[in-house]
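Next comes structure35.txt, with compact mmCIF, C-alpha atoms (C1' of nucleotides).
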# COMPACT_ATOMS: atom_id res chain seq x y z
CA MET A 22 61.73 -61.36 169.11
CA LEU A 23 60.89 -63.93 166.44
CA ARG A 24 59.21 -66.29 168.79
CA VAL A 25 56.61 -69.01 168.95
CA SER A 26 53.33 -68.17 170.66
CA LYS A 27 52.67 -69.09 174.28
CA LEU A 28 50.20 -71.72 173.14
CA THR A 29 52.91 -73.36 171.08
CA ASP A 30 55.20 -73.31 174.04
CA TYR A 31 52.49 -74.96 176.16
CA ALA A 32 52.00 -77.51 173.39
CA THR A 33 55.63 -78.59 173.56
CA VAL A 34 55.46 -78.85 177.33
CA ILE A 35 52.27 -80.91 177.17
CA LEU A 36 53.49 -83.16 174.38
CA THR A 37 56.79 -83.74 176.13
CA HIS A 38 54.87 -84.76 179.22
CA ILE A 39 52.70 -87.19 177.25
CA ALA A 40 55.74 -88.53 175.40
CA HIS A 41 57.09 -89.85 178.69
CA GLN A 42 54.16 -92.32 178.78
CA PRO A 43 53.20 -92.59 175.12
CA ASP A 44 50.87 -95.57 175.49
CA GLU A 45 48.68 -94.26 178.28
CA LEU A 46 45.64 -92.04 178.03
CA HIS A 47 46.04 -88.56 179.47
CA ALA A 48 42.95 -86.53 180.39
CA ALA A 49 43.08 -82.75 180.20
CA SER A 50 42.52 -82.52 183.95
CA ASP A 51 45.55 -84.72 184.62
CA ILE A 52 47.74 -82.65 182.34
CA THR A 53 46.71 -79.45 184.10
CA GLN A 54 48.02 -80.82 187.35
CA SER A 55 51.30 -82.13 185.95
CA THR A 56 52.14 -79.05 183.92
CA GLY A 57 50.64 -76.18 185.89
CA VAL A 58 48.92 -74.76 182.81
CA ALA A 59 45.29 -73.67 183.35
CA LEU A 60 42.64 -76.19 182.33
CA PRO A 61 40.85 -74.15 179.63
CA THR A 62 44.19 -73.45 178.01
CA VAL A 63 45.31 -77.07 178.20
CA SER A 64 42.00 -78.06 176.69
CA LYS A 65 42.39 -75.63 173.81
CA VAL A 66 45.88 -76.86 173.02
CA LEU A 67 44.87 -80.52 173.14
CA LYS A 68 42.03 -79.92 170.72
CA LEU A 69 44.33 -78.21 168.25
CA LEU A 70 46.88 -81.01 168.48
CA SER A 71 44.15 -83.59 168.05
CA LYS A 72 42.79 -81.83 164.98
CA ALA A 73 46.27 -81.84 163.47
CA ASN A 74 46.58 -85.60 164.06
CA ILE A 75 49.44 -85.22 166.47
CA LEU A 76 47.26 -86.62 169.25
CA ILE A 77 44.46 -89.17 169.17
CA SER A 78 41.48 -88.42 171.37
CA HIS A 79 39.15 -90.78 173.19
CA ARG A 80 35.84 -89.34 174.26
CA GLY A 81 33.68 -90.23 177.20
CA ALA A 82 34.39 -91.50 180.67
CA LYS A 83 37.99 -92.69 181.09
CA GLY A 84 38.79 -90.95 177.84
CA GLY A 85 41.79 -88.75 177.16
CA TYR A 86 44.56 -88.18 174.68
CA GLN A 87 47.57 -90.17 173.49
CA LEU A 88 50.23 -89.68 170.84
CA ALA A 89 49.15 -90.54 167.31
CA LYS A 90 52.68 -91.61 166.42
CA LYS A 91 55.88 -92.59 168.16
CA PRO A 92 57.65 -89.72 169.93
CA ASN A 93 60.42 -89.67 167.33
CA GLU A 94 57.90 -89.38 164.52
CA THR A 95 56.50 -85.98 165.49
CA ASN A 96 58.73 -82.94 165.21
CA VAL A 97 58.68 -79.35 166.43
CA ALA A 98 57.84 -77.91 163.01
CA GLU A 99 54.63 -79.96 162.99
CA VAL A 100 53.72 -78.76 166.46
CA ILE A 101 54.22 -75.11 165.53
CA THR A 102 52.16 -75.59 162.39
CA ALA A 103 49.37 -77.29 164.37
CA ILE A 104 49.03 -74.35 166.74
CA GLU A 105 49.98 -71.35 164.63
CA GLY A 106 49.39 -72.45 161.07
CA PRO A 107 51.95 -72.79 158.28
CA ILE A 108 55.47 -71.60 159.07
CA GLY A 109 56.49 -68.70 156.88
CA MET A 110 59.02 -66.03 157.79
CA THR A 111 57.34 -63.48 155.53
CA GLU A 112 53.75 -62.92 154.50
CA CYS A 113 54.37 -64.03 150.92
CA MET A 114 55.57 -67.45 152.08
CA THR A 115 52.15 -68.50 153.38
CA SER A 116 49.65 -66.26 151.58
CA LYS A 117 50.59 -65.27 148.07
CA GLY A 118 49.26 -62.17 146.43
CA THR A 119 48.72 -60.26 149.66
CA CYS A 120 51.83 -58.09 149.46
CA GLU A 121 51.71 -55.27 146.92
CA GLN A 122 55.42 -55.40 146.29
CA GLU A 123 55.43 -59.13 145.59
CA PRO A 124 55.58 -59.00 141.77
CA SER A 125 58.66 -56.80 141.79
CA CYS A 126 60.22 -58.12 145.01
CA GLU A 127 63.87 -58.93 144.54
CA ILE A 128 64.42 -60.78 147.75
CA LYS A 129 61.50 -63.20 147.82
CA GLY A 130 63.72 -66.01 146.60
CA ASN A 131 66.20 -65.36 149.35
CA TRP A 132 63.54 -65.29 152.04
CA SER A 133 62.33 -68.59 150.67
CA LEU A 134 65.75 -70.09 151.31
CA ILE A 135 65.95 -68.63 154.79
CA ASN A 136 62.50 -70.01 155.47
CA ARG A 137 63.57 -73.43 154.35
CA ALA A 138 66.67 -73.30 156.50
CA VAL A 139 64.68 -72.44 159.61
CA TYR A 140 62.10 -75.09 158.81
CA THR A 141 64.78 -77.71 158.41
CA ALA A 142 66.16 -76.84 161.81
CA LEU A 143 62.75 -77.12 163.45
CA GLU A 144 61.96 -80.33 161.62
CA ALA A 145 65.04 -82.00 162.99
CA VAL A 146 63.92 -81.93 166.60
CA THR A 147 61.34 -84.56 167.60
CA LEU A 148 59.27 -85.15 170.71
CA ALA A 149 61.69 -87.92 171.59
CA ASP A 150 64.44 -85.29 171.62
CA MET A 151 62.37 -82.95 173.75
CA ALA A 152 61.66 -85.70 176.27
CA ALA A 153 65.33 -86.64 176.48
CA PRO A 154 68.12 -84.76 178.25
CA VAL A 155 69.69 -81.88 176.38
CA ARG A 156 72.70 -83.64 175.00
CA GLN A 157 70.86 -85.89 172.56
CA GLN A 158 69.41 -83.03 170.58
CA ALA A 159 69.74 -82.37 166.90
CA VAL A 160 71.07 -78.96 165.96
CA SER A 161 71.31 -76.89 162.86
CA VAL A 162 74.47 -76.26 160.97
CA VAL A 163 75.01 -73.87 158.15
CA MET A 164 76.96 -74.38 155.01
CA PRO A 165 77.16 -72.62 151.67
CA MET A 166 74.93 -73.97 149.00
CA THR A 167 76.40 -75.25 145.77
CA LYS A 168 76.30 -72.64 143.04
CA GLU A 169 75.28 -75.09 140.37
CA THR A 170 71.96 -76.12 141.83
CA ASN A 171 69.37 -74.30 143.80
CA GLU A 172 68.78 -77.38 145.87
CA LEU A 173 69.10 -77.62 149.58
CA LYS A 174 72.17 -79.67 150.35
CA VAL A 175 71.29 -81.81 153.34
CA GLU A 176 73.64 -84.04 155.24
CA ASN A 177 73.14 -86.45 158.08
CA MET B 20 53.08 -68.49 161.36
CA LEU B 21 56.41 -67.94 163.08
CA ARG B 22 57.27 -64.91 161.06
CA VAL B 23 59.25 -61.71 161.17
CA SER B 24 57.31 -58.46 161.50
CA LYS B 25 56.45 -56.33 158.49
CA LEU B 26 58.96 -53.73 159.63
CA THR B 27 61.69 -56.36 159.55
CA ASP B 28 60.62 -57.36 156.09
CA TYR B 29 60.79 -53.70 155.00
CA ALA B 30 64.21 -53.46 156.62
CA THR B 31 65.57 -56.28 154.48
CA VAL B 32 64.10 -54.72 151.34
CA ILE B 33 65.57 -51.33 152.20
CA LEU B 34 68.97 -52.69 153.16
CA THR B 35 69.14 -54.82 150.04
CA HIS B 36 68.43 -51.71 148.02
CA ILE B 37 71.16 -49.76 149.77
CA ALA B 38 73.56 -52.68 149.45
CA HIS B 39 73.45 -52.31 145.69
CA GLN B 40 75.19 -48.94 146.06
CA PRO B 41 76.97 -49.27 149.41
CA ASP B 42 79.11 -46.18 149.10
CA GLU B 43 76.42 -43.66 148.24
CA LEU B 44 74.18 -41.74 150.58
CA HIS B 45 70.51 -42.66 150.44
CA ALA B 46 67.89 -40.22 151.74
CA ALA B 47 64.65 -41.55 153.15
CA SER B 48 62.71 -39.81 150.39
CA ASP B 49 64.76 -41.60 147.72
CA ILE B 50 64.23 -44.97 149.33
CA THR B 51 60.49 -44.41 149.46
CA GLN B 52 60.43 -44.01 145.72
CA SER B 53 62.61 -47.01 144.94
CA THR B 54 60.91 -49.41 147.30
CA GLY B 55 57.29 -48.26 147.35
CA VAL B 56 57.20 -48.27 151.16
CA ALA B 57 55.53 -45.21 152.72
CA LEU B 58 57.86 -42.44 153.87
CA PRO B 59 57.00 -42.43 157.60
CA THR B 60 57.54 -46.17 157.68
CA VAL B 61 60.82 -45.99 155.79
CA SER B 62 61.93 -43.28 158.17
CA LYS B 63 61.10 -45.38 161.20
CA VAL B 64 62.98 -48.38 159.88
CA LEU B 65 66.04 -46.31 158.96
CA LYS B 66 66.20 -44.83 162.44
CA LEU B 67 66.09 -48.28 164.03
CA LEU B 68 68.81 -49.58 161.74
CA SER B 69 70.92 -46.53 162.41
CA LYS B 70 70.53 -46.93 166.16
CA ALA B 71 71.67 -50.54 165.83
CA ASN B 72 74.78 -49.45 163.93
CA ILE B 73 73.78 -51.25 160.78
CA LEU B 74 73.50 -47.93 158.99
CA ILE B 75 75.42 -44.70 159.42
CA SER B 76 73.40 -41.51 159.18
CA HIS B 77 74.39 -38.08 157.90
CA ARG B 78 72.18 -35.22 158.99
CA GLY B 79 71.34 -32.02 157.25
CA ALA B 80 71.02 -31.04 153.62
CA LYS B 81 72.40 -33.72 151.25
CA GLY B 82 72.39 -36.08 154.17
CA GLY B 83 71.14 -39.65 154.16
CA TYR B 84 72.10 -43.16 155.17
CA GLN B 85 74.78 -45.62 154.12
CA LEU B 86 75.88 -49.06 155.27
CA ALA B 87 78.06 -49.06 158.37
CA LYS B 88 79.88 -52.18 157.17
CA LYS B 89 80.39 -54.10 153.96
CA PRO B 90 77.30 -55.93 152.70
CA ASN B 91 78.77 -59.31 153.61
CA GLU B 92 79.43 -58.15 157.17
CA THR B 93 75.81 -57.61 158.18
CA ASN B 94 73.53 -60.63 158.47
CA VAL B 95 69.81 -61.24 158.72
CA ALA B 96 69.93 -62.15 162.41
CA GLU B 97 71.34 -58.69 163.16
CA VAL B 98 68.62 -57.03 161.13
CA ILE B 99 65.86 -58.92 162.94
CA THR B 100 67.42 -58.04 166.27
CA ALA B 101 67.66 -54.37 165.30
CA ILE B 102 63.96 -54.13 164.51
CA GLU B 103 62.36 -56.63 166.88
CA GLY B 104 64.84 -57.02 169.70
CA PRO B 105 66.74 -60.15 170.70
CA ILE B 106 65.80 -63.34 168.89
CA GLY B 107 64.33 -65.91 171.27
CA MET B 108 61.90 -68.64 170.31
CA THR B 109 60.43 -68.71 173.82
CA GLU B 110 59.92 -66.06 176.46
CA CYS B 111 62.58 -67.52 178.74
CA MET B 112 65.26 -67.12 176.05
CA THR B 113 65.14 -63.33 176.13
CA SER B 114 63.64 -62.41 179.49
CA LYS B 115 64.45 -64.75 182.33
CA GLY B 116 62.25 -65.07 185.38
CA THR B 117 59.05 -64.08 183.60
CA CYS B 118 57.64 -67.58 183.15
CA GLU B 119 56.25 -69.21 186.30
CA GLN B 120 57.16 -72.68 185.12
CA GLU B 121 60.76 -71.76 184.38
CA PRO B 122 62.37 -73.26 187.50
CA SER B 123 60.83 -76.67 186.89
CA CYS B 124 60.76 -76.53 183.10
CA GLU B 125 62.17 -79.71 181.59
CA ILE B 126 62.46 -78.52 178.04
CA LYS B 127 64.16 -75.16 178.42
CA GLY B 128 67.49 -76.69 177.46
CA ASN B 129 66.02 -78.14 174.33
CA TRP B 130 64.40 -74.87 173.31
CA SER B 131 67.78 -73.27 173.83
CA LEU B 132 69.27 -75.61 171.25
CA ILE B 133 66.44 -75.04 168.79
CA ASN B 134 66.92 -71.33 169.27
CA ARG B 135 70.57 -71.63 168.53
CA ALA B 136 69.92 -73.65 165.42
CA VAL B 137 67.52 -71.08 164.05
CA TYR B 138 69.88 -68.25 164.94
CA THR B 139 72.72 -69.97 163.15
CA ALA B 140 70.60 -70.27 160.03
CA LEU B 141 69.69 -66.58 160.12
CA GLU B 142 73.23 -65.53 160.87
CA ALA B 143 74.52 -67.29 157.77
CA VAL B 144 72.70 -65.03 155.32
CA THR B 145 74.23 -61.60 154.75
CA LEU B 146 73.10 -58.48 152.93
CA ALA B 147 75.48 -59.45 150.15
CA ASP B 148 73.53 -62.69 149.78
CA MET B 149 70.23 -60.84 149.77
CA ALA B 150 71.44 -58.48 147.08
CA ALA B 151 72.68 -61.35 144.92
CA PRO B 152 70.62 -63.80 142.87
CA VAL B 153 69.12 -66.73 144.72
CA ARG B 154 71.70 -69.33 143.89
CA GLN B 155 74.54 -67.83 145.91
CA GLN B 156 72.72 -68.14 149.19
CA ALA B 157 73.80 -69.96 152.27
CA VAL B 158 71.34 -72.47 153.66
CA SER B 159 70.91 -74.41 156.83
CA VAL B 160 71.49 -78.08 157.20
CA VAL B 161 70.68 -80.27 160.12
CA MET B 162 72.74 -82.99 161.63
CA PRO B 163 72.67 -84.88 164.91
CA MET B 164 74.80 -83.45 167.65
CA THR B 165 77.54 -85.52 169.17
CA LYS B 166 76.46 -87.19 172.39
CA GLU B 167 79.72 -86.52 174.16
CA THR B 168 79.64 -82.75 174.05
CA ASN B 169 76.88 -80.24 174.30
CA GLU B 170 78.62 -78.12 171.72
CA LEU B 171 77.19 -77.04 168.46
CA LYS B 172 79.01 -78.92 165.72
CA VAL B 173 79.44 -76.48 162.88
CA GLU B 174 80.87 -77.26 159.48
CA ASN B 175 81.73 -75.06 156.55
C1' DC C 8 18.57 -96.77 180.30
C1' DT C 9 20.60 -93.41 183.04
C1' DT C 10 24.36 -90.93 184.84
C1' DA C 11 28.90 -89.23 185.22
C1' DT C 12 32.80 -88.10 182.64
C1' DA C 13 35.48 -86.43 178.98
C1' DT C 14 36.30 -84.40 174.37
C1' DA C 15 34.41 -81.33 170.04
C1' DG C 16 33.40 -77.18 168.35
C1' DG C 17 32.61 -72.61 168.33
C1' DA C 18 31.96 -67.93 170.11
C1' DC C 19 33.40 -64.24 172.77
C1' DT C 20 36.25 -60.79 175.49
C1' DA C 21 40.39 -58.81 177.09
C1' DT C 22 45.00 -58.07 176.46
C1' DT C 23 49.10 -57.37 174.06
C1' DT C 24 51.69 -56.45 170.09
C1' DT C 25 52.41 -54.26 165.82
C1' DA C 26 51.83 -50.74 162.36
C1' DG C 27 51.52 -46.46 161.10
C1' DT C 28 51.54 -41.40 161.82
C1' DA C 29 52.77 -36.99 163.66
C1' DC C 30 55.32 -33.52 166.03
C1' DT C 31 59.39 -31.14 167.86
C1' DA C 32 64.40 -30.83 168.15
C1' DT C 33 68.86 -30.88 166.08
C1' DA C 34 72.46 -30.96 162.62
C1' DT C 35 74.51 -29.42 158.17
C1' DA C 36 75.25 -27.65 153.33
C1' DA C 37 74.86 -23.75 150.62
C1' DT D 5 70.03 -17.47 157.27
C1' DT D 6 67.47 -20.90 155.00
C1' DA D 7 66.33 -25.26 153.19
C1' DT D 8 66.97 -29.96 153.94
C1' DA D 9 67.45 -34.12 156.34
C1' DT D 10 67.79 -37.09 160.41
C1' DA D 11 66.80 -37.90 165.93
C1' DG D 12 63.78 -38.81 169.29
C1' DT D 13 59.49 -39.50 171.21
C1' DA D 14 54.68 -39.92 171.76
C1' DC D 15 50.34 -41.27 170.21
C1' DT D 16 46.43 -43.77 167.71
C1' DA D 17 44.52 -47.53 165.19
C1' DA D 18 44.53 -52.12 163.79
C1' DA D 19 45.56 -56.87 164.20
C1' DA D 20 46.95 -60.95 166.54
C1' DT D 21 47.00 -63.64 170.72
C1' DA D 22 45.48 -65.42 175.07
C1' DG D 23 42.27 -66.92 177.81
C1' DT D 24 37.47 -68.25 179.06
C1' DC D 25 33.00 -70.18 178.57
C1' DC D 26 29.01 -72.57 176.73
C1' DT D 27 26.58 -76.24 174.27
C1' DA D 28 26.81 -80.64 171.82
C1' DT D 29 28.35 -85.31 171.48
C1' DA D 30 30.49 -89.68 172.66
C1' DT D 31 31.47 -93.46 175.95
C1' DA D 32 32.14 -96.33 180.29
C1' DA D 33 29.85 -98.11 184.08
C1' DG D 34 26.10 -99.08 187.15

Take the structure in this file and express it as structure tokens.
Amino acid sequence: MLRVSKLTDYATVILTHIAHQPDELHAASDITQSTGVALPTVSKVLKLLSKANILISHRGAKGGYQLAKKPNETNVAEVITAIEGPIGMTECMTSKGTCEQEPSCEIKGNWSLINRAVYTALEAVTLADMAAPVRQQAVSVVMPMTKETNELKVEN
Amino acid sequence: MLRVSKLTDYATVILTHIAHQPDELHAASDITQSTGVALPTVSKVLKLLSKANILISHRGAKGGYQLAKKPNETNVAEVITAIEGPIGMTECMTSKGTCEQEPSCEIKGNWSLINRAVYTALEAVTLADMAAPVRQQAVSVVMPMTKETNELKVEN
DNA sequence: CTTATATAGGACTATTTTAGTACTATATAA
DNA sequence: TTATATAGTACTAAAATAGTCCTATATAAG
């Protein structure tokens, strides 16, 4: 598996929809109709995204939600974090001291690198990418790290 | 979150341990002692890895498990798949036709690319990397895809 | 000022997934 | 023949997720 939750999936669908008209206000009831996701669920997702400052909310009559930033300024890693909490491939990445084996674990450092690699891939895709046709996407590419440093070698 | 299951985490610990002595046979009881993971759990993981042809098993007295291939020929993506099933960030990546929205989904193609990016990152790290100190790891790097093709542009 | 509308926040239940355990069958070395 | 070790499967308990609902609060418009 290794998958995002359904709510996260909904979140990307909803945000992609909003990203098509970034300047307008979108009420939860409107989004339900356009996306086919049930209203209570849409509502839950919108609240989470609003709390994470990915969306701005406007209360009251004629209220609704709009993007807090430009579509290319919000990425998939942020969306996942907003819905599911911090991204960490293993328990020790997000909550230290929980795993008994942690002090003697030999592979924690390697998981940390894997984690970073996955995060980098997710960070590279923005809402603007999601709203655009497939071909304009960013993708991940793997290359060996330099032996001298432990730094992530990033290219654009 | 977005994390691998505990069993997958155990699997990497166990495989890393075995990778240190790839040619010897390792009984479940021995691995329990070296890793601190409970015997029934170790046993379950070993069976799954054996079924996925990552390990070779030898039954009977003086039996045990050993790596089916060289440490650098088994990667983390294979291990995750062995324990959790196929890697797919969304439901539609692994089981088609389950999601009602699938036919009209606008972002399936983009999720497919994200999925591929993450998979590429996981595929790049082998058991040999896990068994080695941190600095020899492979890491993922992100770069924009060419607009002309829909191909993954991979560099080494 | 009142009313209708829309989000905020939290609580709750049901479902699904995961983790962990146990039992029986089978293979093999001595 | 016996002791040892894996194979396969089924089952239970725990945790995470999904989905729903209710009350409070803010705002536009009449």

Hey, could you make a per-residue contact list for chain A against chain C with 12 Å as the cut-off, showing the nearest pair of atoms and its distance in Å to one decimal, counting only C-alpha atoms (C1' of nucleotides), sorted by chain and number, as a tab-separated table?
residue	atom	partner	partner_atom	distance
A:Met22	CA	C:DT24	C1'	11.2
A:Ser26	CA	C:DT24	C1'	11.8
A:Leu46	CA	C:DA13	C1'	11.6
A:His47	CA	C:DA13	C1'	10.8
A:Ala48	CA	C:DA13	C1'	7.6
A:Ala49	CA	C:DA13	C1'	8.5
A:Ser50	CA	C:DA13	C1'	9.5
A:Asp51	CA	C:DA13	C1'	11.7
A:Ser64	CA	C:DT14	C1'	8.8
A:Lys65	CA	C:DA15	C1'	10.5
A:Leu67	CA	C:DT14	C1'	9.5
A:Lys68	CA	C:DA15	C1'	7.8
A:Leu69	CA	C:DA15	C1'	10.6
A:Ser71	CA	C:DT14	C1'	10.1
A:Lys72	CA	C:DA15	C1'	9.8
A:Ile77	CA	C:DT14	C1'	10.8
A:Ser78	CA	C:DT14	C1'	7.2
A:His79	CA	C:DT14	C1'	7.1
A:Arg80	CA	C:DT14	C1'	5.0
A:Gly81	CA	C:DA13	C1'	4.6
A:Ala82	CA	C:DT12	C1'	4.2
A:Lys83	CA	C:DA13	C1'	7.1
A:Gly84	CA	C:DA13	C1'	5.7
A:Gly85	CA	C:DA13	C1'	7.0
A:Tyr86	CA	C:DT14	C1'	9.1

Generate the output file for the selected residues, C-alpha atoms, as a tab-separated table (two decimals), in the coordinates of the input.
chain	number	residue	atom	x	y	z
A	22	MET	CA	61.73	-61.36	169.11
A	26	SER	CA	53.33	-68.17	170.66
A	46	LEU	CA	45.64	-92.04	178.03
A	47	HIS	CA	46.04	-88.56	179.47
A	48	ALA	CA	42.95	-86.53	180.39
A	49	ALA	CA	43.08	-82.75	180.20
A	50	SER	CA	42.52	-82.52	183.95
A	51	ASP	CA	45.55	-84.72	184.62
A	64	SER	CA	42.00	-78.06	176.69
A	65	LYS	CA	42.39	-75.63	173.81
A	67	LEU	CA	44.87	-80.52	173.14
A	68	LYS	CA	42.03	-79.92	170.72
A	69	LEU	CA	44.33	-78.21	168.25
A	71	SER	CA	44.15	-83.59	168.05
A	72	LYS	CA	42.79	-81.83	164.98
A	77	ILE	CA	44.46	-89.17	169.17
A	78	SER	CA	41.48	-88.42	171.37
A	79	HIS	CA	39.15	-90.78	173.19
A	80	ARG	CA	35.84	-89.34	174.26
A	81	GLY	CA	33.68	-90.23	177.20
A	82	ALA	CA	34.39	-91.50	180.67
A	83	LYS	CA	37.99	-92.69	181.09
A	84	GLY	CA	38.79	-90.95	177.84
A	85	GLY	CA	41.79	-88.75	177.16
A	86	TYR	CA	44.56	-88.18	174.68

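CA of Thr29 (chain A) is positioned 9.3 Å from CA of Thr109 (chain B).
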
Please determine, counting all atoms listed in the file, which residue among A:Thr33, A:Gln42, A:Gln87, A:Ser133 has the shortest atom-to-atom distance to Val66 (chain A).
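Looking at the shortest contact to Val66 (chain A), the residue is A:Thr33.
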
Counting only C-alpha atoms, the residue of B:Ala96, B:Arg135, B:Ile126, B:Val61 that sits nearest His38 (chain A):
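Comparing B:Ala96, B:Arg135, B:Ile126, B:Val61 against His38 (chain A), the winner is B:Ile126.
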
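Straight-line separation from CA of Gly55 (chain B) to CA of Gly130 (chain A): 18.9 Å.
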
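Using only C-alpha atoms (C1' of nucleotides), one finds that the residues of chain D close to chain B, at 10 Å or less, are D:DA7, D:DT8, D:DA9, D:DT10, D:DA11, D:DG12.
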
Could you give me, as JSON, numbers by chain, the residues that have an atom at most 10 Å away from the point (64.6, -67.1, 170.3) in the coordinates of the file, using all atoms listed in the file?
{"A": [22, 23, 24, 25], "B": [105, 106, 107, 108, 109, 110, 111, 112, 113, 130, 131, 132, 133, 134, 135, 136, 137, 138]}

Would you save the residues of that selection, restricted to C-alpha atoms, as an mmCIF file, keeping the file's coordinate frame?
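Dumped everything to part_28.cif:
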data_model
loop_
_atom_site.group_PDB
_atom_site.id
_atom_site.type_symbol
_atom_site.label_atom_id
_atom_site.label_comp_id
_atom_site.auth_asym_id
_atom_site.auth_seq_id
_atom_site.Cartn_x
_atom_site.Cartn_y
_atom_site.Cartn_z
ATOM 1 C CA MET A 22 61.730 -61.360 169.110
ATOM 2 C CA LEU A 23 60.890 -63.930 166.440
ATOM 3 C CA ARG A 24 59.210 -66.290 168.790
ATOM 4 C CA VAL A 25 56.610 -69.010 168.950
ATOM 5 C CA PRO B 105 66.740 -60.150 170.700
ATOM 6 C CA ILE B 106 65.800 -63.340 168.890
ATOM 7 C CA GLY B 107 64.330 -65.910 171.270
ATOM 8 C CA MET B 108 61.900 -68.640 170.310
ATOM 9 C CA THR B 109 60.430 -68.710 173.820
ATOM 10 C CA GLU B 110 59.920 -66.060 176.460
ATOM 11 C CA CYS B 111 62.580 -67.520 178.740
ATOM 12 C CA MET B 112 65.260 -67.120 176.050
ATOM 13 C CA THR B 113 65.140 -63.330 176.130
ATOM 14 C CA TRP B 130 64.400 -74.870 173.310
ATOM 15 C CA SER B 131 67.780 -73.270 173.830
ATOM 16 C CA LEU B 132 69.270 -75.610 171.250
ATOM 17 C CA ILE B 133 66.440 -75.040 168.790
ATOM 18 C CA ASN B 134 66.920 -71.330 169.270
ATOM 19 C CA ARG B 135 70.570 -71.630 168.530
ATOM 20 C CA ALA B 136 69.920 -73.650 165.420
ATOM 21 C CA VAL B 137 67.520 -71.080 164.050
ATOM 22 C CA TYR B 138 69.880 -68.250 164.940
#

How big is the axis-aligned box, and where does its centre sit, when it encloses all atoms of region 13-31 of chain D listed in the file and has 4 Å added on every side, reported in Å to one decimal as lines of an AutoDock Vina configuration file?
center_x = 43.0
center_y = -66.5
center_z = 171.4
size_x = 40.9
size_y = 62.0
size_z = 23.3

With distances taken over only C-alpha atoms, which residue among A:Thr62, A:Pro124, A:Thr102, A:Leu148 lies nearest chain B?
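The shortest atom-to-atom distance to chain B comes from A:Thr102.
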
Grab the CA of Glu119 (chain B) to CA of Asn93 (chain A) distance for me, in Å with one decimal place.
28.2 Å
